[in-house]
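Chemist: I'd like to ask you about the structure that follows.
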Amino acid sequence: MPLGRLGRKKAKGKEAARLVGAEPPPAPPAPAPAPPLVFHAQLAHGSATGRVQGFASVAELYAQIAAAFDLQPSEILYCTLNTPKIDMQRLLGGQLGLEDFIFAHVKGLKKEVNVYKSEDSLGLTITDNGVGCAFIKRIRSGSTIDSVKTICVGDHIESINGENIVGWRHYEVAKKLKELKKEELFTMKLVEPKKAFEIGPRSKAGRMSAENIGTARGTLRLRSKGPATVEEMPSEAKAKAIEKIDSLLELYMGIRDFDLATTMFEAGKDKENPDEFAVALDETLGDFAFPDEFVFDVWGAVGDARQK
């Protein structure tokens, strides 16, 4: 048989084999998208229950709450979890338990107070809601501010000596107050959260307690950039370290910020020494200009958690 015909037969046989061969299996169907997480919310001074879902940041959450209750997002001072009370231990930060009930505290009475700064420290701890509203988280007993009974925990600081500070971060407000001259009078404009009489138990929230916060199934981690993620609850050692860092923030800077403390812990958990940790803080949180002794103490808290 001529070689040319044999070659054509072989080629034809290969082509037939390709045609007769089994087709590749169909691609598996794409997994169905997870249903959006749904949370229930009320206004802390009293309202019907609304539903919010599909948010990835505190700003988006506030926008959804505002839409649910026909408000402007800027009217929301802060939110508490599982209680309508002004409880600074239950503030909503960057983490939300998957079964937490949200109570939004909105702007109420405005007031202007004059304070005589008799000591270097006013006795205030400042925090903020992450979207431009700084407020008082703690007043030290016996301090200068403690003597001014019209100033309360939960009050939003709107201006200092006529300078509007809406939009400032907590550390900027704390720095401004610290820099005020001793033995001089200064003025603050404050906004307290709207209040109402308790008229009975509220639906759903009445069955929850502080121990429920973030314990059911995990937490939703809200981020300023990128999507929100569902995460497991932190270990006991990590939780204690973050709480210690938060206390150090109050001691050194006059602020409380659980999310900032968490970010600092995450920045240090894989570092080998305090110098590497300091560099990581400068890269991620350089605007804060943390003092060296503070960074060293935070590194100690991170190291203690790693050893457990």
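Naming scheme: A, B, ... for chains in displayed order of the structure tokens; residues 1 onward per chain; ligands 1 onward as shown.
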Which residues in range 43-279 of chain A does DSSP call strand (DSSP E or B)? List them as a ChimeraX atom specification.
Modeler: /A:43,50-53,76-81,91,95-97,102-116,124-128,134-139,156-160,163-164,185-193,219-221,229-231,255
Chemist: Check which residues of range 115-178 of chain A sit at most 10 Å from range 71-80 of chain A using only C-alpha atoms, and return one row each with the closest pair of atoms and their distance in Å to one decimal, ordered by chain and rising number, as CSV.
Modeler:
residue,atom,partner,partner_atom,distance
A:Asp128,CA,A:Tyr78,CA,8.1
A:Asn129,CA,A:Tyr78,CA,5.6
A:Gly130,CA,A:Tyr78,CA,9.0
A:Val131,CA,A:Ser74,CA,8.6
A:Gly132,CA,A:Ser74,CA,8.7
A:Cys133,CA,A:Leu77,CA,6.4
A:Ala134,CA,A:Leu77,CA,8.4
A:Phe135,CA,A:Leu77,CA,8.1
A:Gly154,CA,A:Leu77,CA,8.7
A:Asp155,CA,A:Leu77,CA,8.8
A:His156,CA,A:Leu77,CA,7.1
Chemist: Given the selection you just returned, output its residues as a file containing C-alpha atoms, formatted as a compact mmCIF listing (two decimals), in the first residue's frame.
Modeler:
# COMPACT_ATOMS: atom_id res chain seq x y z
CA ASP A 128 -16.42 58.15 67.72
CA ASN A 129 -18.94 56.32 65.56
CA GLY A 130 -16.61 55.90 62.59
CA VAL A 131 -18.53 58.35 60.38
CA GLY A 132 -17.62 61.73 61.81
CA CYS A 133 -19.37 61.92 65.18
CA ALA A 134 -17.16 62.09 68.30
CA PHE A 135 -18.80 61.65 71.67
CA GLY A 154 -23.08 59.72 75.33
CA ASP A 155 -23.09 63.45 74.49
CA HIS A 156 -21.82 64.30 71.02
Chemist: From the options A:Ala56, A:Ile160, A:Val38, A:Val302, which residue's atoms come nearest to Leu185 in chain A, counting only C-alpha atoms?
Modeler: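 Smallest distance to Leu185 in chain A is found for A:Ile160.
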Chemist: So, with only C-alpha atoms as the atoms that count, which of A:Asn114, A:Gly254, A:Val106, A:Asn164 lies closest to Glu192 in chain A?
Modeler: A:Val106
Chemist: For Tyr116 in chain A, list every protein, DNA or RNA residue within 9 Å, evaluated using only C-alpha atoms, and leave out those in the same chain fewer than 5 positions away; present the list as a VMD selection string.
Modeler: chain A and resid 144 182 to 187
Chemist: If we count only C-alpha atoms and set the cut-off at 6 Å, which residues sit around Phe101 in chain A, ignoring sequence neighbours fewer than 3 positions away in its own chain? Please answer as a PyMOL selection string.
Modeler: chain A and resi 40-41+81-82
Chemist: Which residues of range 253-289 of chain A come within 6 Å of range 236-248 of chain A, and what is each one's closest atom pair and distance in Å (one decimal), counting only C-alpha atoms, sorted by chain and residue number, as a tab-separated table?
Modeler:
residue	atom	partner	partner_atom	distance
A:Arg256	CA	A:Asp246	CA	5.8
A:Phe258	CA	A:Asp246	CA	5.9
A:Ala261	CA	A:Asp246	CA	5.3
A:Thr262	CA	A:Ile242	CA	5.7
Chemist: Dump N, CA, C and O atoms for the selected residues as a JSON list (two decimals), in the first residue's frame?
Modeler:
[["chain", "number", "residue", "atom", "x", "y", "z"],
["A", 256, "ARG", "N", -11.21, 55.62, 73.50],
["A", 256, "ARG", "CA", -11.51, 54.19, 73.52],
["A", 256, "ARG", "C", -11.95, 53.82, 72.11],
["A", 256, "ARG", "O", -12.77, 54.51, 71.51],
["A", 258, "PHE", "N", -12.38, 50.03, 70.17],
["A", 258, "PHE", "CA", -12.17, 48.58, 70.10],
["A", 258, "PHE", "C", -11.64, 48.17, 68.72],
["A", 258, "PHE", "O", -10.78, 47.30, 68.61],
["A", 261, "ALA", "N", -8.02, 49.05, 68.45],
["A", 261, "ALA", "CA", -7.26, 48.09, 69.25],
["A", 261, "ALA", "C", -7.12, 46.76, 68.51],
["A", 261, "ALA", "O", -6.05, 46.13, 68.51],
["A", 262, "THR", "N", -8.18, 46.33, 67.84],
["A", 262, "THR", "CA", -8.14, 45.09, 67.06],
["A", 262, "THR", "C", -7.15, 45.21, 65.91],
["A", 262, "THR", "O", -6.37, 44.29, 65.64]]
Chemist: Out of range 16-193 of chain A, which residues get helix (DSSP H, G or I) from DSSP, as a VMD selection string?
Modeler: chain A and resid 16 to 20 58 to 68 73 to 75 88 to 90 145 to 147 170 to 178
Chemist: Could those selected residues go to a file with C-alpha atoms, as a PDB file, in the first residue's frame?
Modeler:
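What ended up in selection_17.pdb:
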ATOM      1  CA  ALA A  16     -12.759   9.613  13.976  1.00  0.00           C
ATOM      2  CA  ALA A  17     -11.455   8.774  17.420  1.00  0.00           C
ATOM      3  CA  ARG A  18     -11.736  12.439  18.369  1.00  0.00           C
ATOM      4  CA  LEU A  19     -15.283  12.614  17.082  1.00  0.00           C
ATOM      5  CA  VAL A  20     -16.419   9.393  18.749  1.00  0.00           C
ATOM      6  CA  VAL A  58     -20.714  51.351  59.447  1.00  0.00           C
ATOM      7  CA  ALA A  59     -21.515  54.163  57.003  1.00  0.00           C
ATOM      8  CA  GLU A  60     -23.664  51.830  54.887  1.00  0.00           C
ATOM      9  CA  LEU A  61     -25.374  50.471  57.998  1.00  0.00           C
ATOM     10  CA  TYR A  62     -26.247  53.992  59.185  1.00  0.00           C
ATOM     11  CA  ALA A  63     -27.607  54.815  55.722  1.00  0.00           C
ATOM     12  CA  GLN A  64     -29.875  51.762  55.829  1.00  0.00           C
ATOM     13  CA  ILE A  65     -31.094  52.520  59.352  1.00  0.00           C
ATOM     14  CA  ALA A  66     -31.787  56.112  58.315  1.00  0.00           C
ATOM     15  CA  ALA A  67     -33.767  54.948  55.278  1.00  0.00           C
ATOM     16  CA  ALA A  68     -35.761  52.484  57.392  1.00  0.00           C
ATOM     17  CA  PRO A  73     -27.719  59.348  58.350  1.00  0.00           C
ATOM     18  CA  SER A  74     -26.088  62.342  60.063  1.00  0.00           C
ATOM     19  CA  GLU A  75     -28.864  62.280  62.691  1.00  0.00           C
ATOM     20  CA  MET A  88     -20.858  52.394  76.413  1.00  0.00           C
ATOM     21  CA  GLN A  89     -19.932  48.740  76.951  1.00  0.00           C
ATOM     22  CA  ARG A  90     -22.374  47.717  74.213  1.00  0.00           C
ATOM     23  CA  ILE A 145     -15.857  67.439  83.726  1.00  0.00           C
ATOM     24  CA  ASP A 146     -17.512  65.374  86.446  1.00  0.00           C
ATOM     25  CA  SER A 147     -18.277  68.621  88.296  1.00  0.00           C
ATOM     26  CA  HIS A 170     -11.729  60.838  68.376  1.00  0.00           C
ATOM     27  CA  TYR A 171      -7.957  61.285  68.751  1.00  0.00           C
ATOM     28  CA  GLU A 172      -8.145  64.711  67.083  1.00  0.00           C
ATOM     29  CA  VAL A 173     -10.860  65.828  69.516  1.00  0.00           C
ATOM     30  CA  ALA A 174      -8.912  64.455  72.502  1.00  0.00           C
ATOM     31  CA  LYS A 175      -5.783  66.300  71.324  1.00  0.00           C
ATOM     32  CA  LYS A 176      -7.752  69.545  70.933  1.00  0.00           C
ATOM     33  CA  LEU A 177      -9.094  69.291  74.495  1.00  0.00           C
ATOM     34  CA  LYS A 178      -5.682  68.418  75.887  1.00  0.00           C
TER      35      LYS A 178
END
Chemist: Between A:Glu179, A:Phe296, A:Ser143, A:Leu91, which has the minimum distance to Asp275 in chain A (counting only C-alpha atoms)?
Modeler: A:Phe296
Chemist: Which of these, A:Gly162, A:Pro26, A:Gly93, A:Gly142, has the shortest distance to Thr127 in chain A once you count only C-alpha atoms?
Modeler: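 Smallest separation from Thr127 in chain A among the options: A:Gly93.
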Chemist: Have a look at CA of Pro274 in chain A and CA of Leu222 in chain A and let me know their distance in Å, one decimal.
Modeler: 28.1 Å
